[in-house]
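Read the structure below first, then the notes.
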Amino acid sequence: MGVNNNKNIYMKEITWFEQKTTSTGKVKADATIKDEKGVEHDHVTIWGDFPNFTNLKAGDHVEGNI
């Protein structure tokens, strides 16, 4: 999972999630996440190899660094 400026943020809640396929065929999602301080981070990319990716949706709570 990553974001353009590679911040090291503990991910807490997915507030928006849209799954897409890249032009090279890789599955990813564009997402907005809310960290442990309640700050929302837009334009977060979650790649298809993230644990439980196929079942992720807005409102899910997950752990990870972005």
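Letters A, B, ... mark the chains of the structure tokens in the order given; residue numbers begin at 1 per chain; ligand numbers begin at 1, in order shown.
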Report task. Quick one: pick out all strand (DSSP E) residues within chain A from a backbone DSSP run and write them as a ChimeraX atom specification. Result -> /A:2-3,11-21,27-35,40-47
Same residues, C-alpha atoms, saved as a PDB file, in the first residue's frame:
ATOM      1  CA  GLY A   2       1.314   3.466  -0.690  1.00  0.00           C
ATOM      2  CA  VAL A   3       0.696   7.120  -1.118  1.00  0.00           C
ATOM      3  CA  MET A  11      -3.994   3.039   8.880  1.00  0.00           C
ATOM      4  CA  LYS A  12      -7.163   2.682  10.902  1.00  0.00           C
ATOM      5  CA  GLU A  13     -10.347   3.069   8.847  1.00  0.00           C
ATOM      6  CA  ILE A  14     -11.128   3.052   5.136  1.00  0.00           C
ATOM      7  CA  THR A  15     -13.615   5.854   4.498  1.00  0.00           C
ATOM      8  CA  TRP A  16     -13.738   5.572   0.687  1.00  0.00           C
ATOM      9  CA  PHE A  17     -12.662   2.694  -1.557  1.00  0.00           C
ATOM     10  CA  GLU A  18     -12.853   2.220  -5.329  1.00  0.00           C
ATOM     11  CA  GLN A  19     -11.342  -0.854  -6.938  1.00  0.00           C
ATOM     12  CA  LYS A  20      -9.709  -0.431 -10.361  1.00  0.00           C
ATOM     13  CA  THR A  21      -7.503  -2.306 -12.799  1.00  0.00           C
ATOM     14  CA  VAL A  27      -5.675  -4.757  -9.450  1.00  0.00           C
ATOM     15  CA  LYS A  28      -5.603  -1.830  -7.048  1.00  0.00           C
ATOM     16  CA  ALA A  29      -7.902   0.454  -5.134  1.00  0.00           C
ATOM     17  CA  ASP A  30      -7.936   4.199  -4.736  1.00  0.00           C
ATOM     18  CA  ALA A  31      -8.896   4.976  -1.166  1.00  0.00           C
ATOM     19  CA  THR A  32      -9.280   7.562   1.547  1.00  0.00           C
ATOM     20  CA  ILE A  33      -8.201   6.449   4.991  1.00  0.00           C
ATOM     21  CA  LYS A  34      -8.573   7.917   8.458  1.00  0.00           C
ATOM     22  CA  ASP A  35      -5.550   7.488  10.698  1.00  0.00           C
ATOM     23  CA  GLU A  40      -8.173  11.688   6.558  1.00  0.00           C
ATOM     24  CA  HIS A  41      -5.622  10.968   3.834  1.00  0.00           C
ATOM     25  CA  ASP A  42      -6.801  11.066   0.200  1.00  0.00           C
ATOM     26  CA  HIS A  43      -5.240   9.410  -2.855  1.00  0.00           C
ATOM     27  CA  VAL A  44      -4.026   6.291  -1.038  1.00  0.00           C
ATOM     28  CA  THR A  45      -3.355   3.320  -3.299  1.00  0.00           C
ATOM     29  CA  ILE A  46      -4.010  -0.153  -1.915  1.00  0.00           C
ATOM     30  CA  TRP A  47      -2.616  -2.914  -4.129  1.00  0.00           C
TER      31      TRP A  47
END
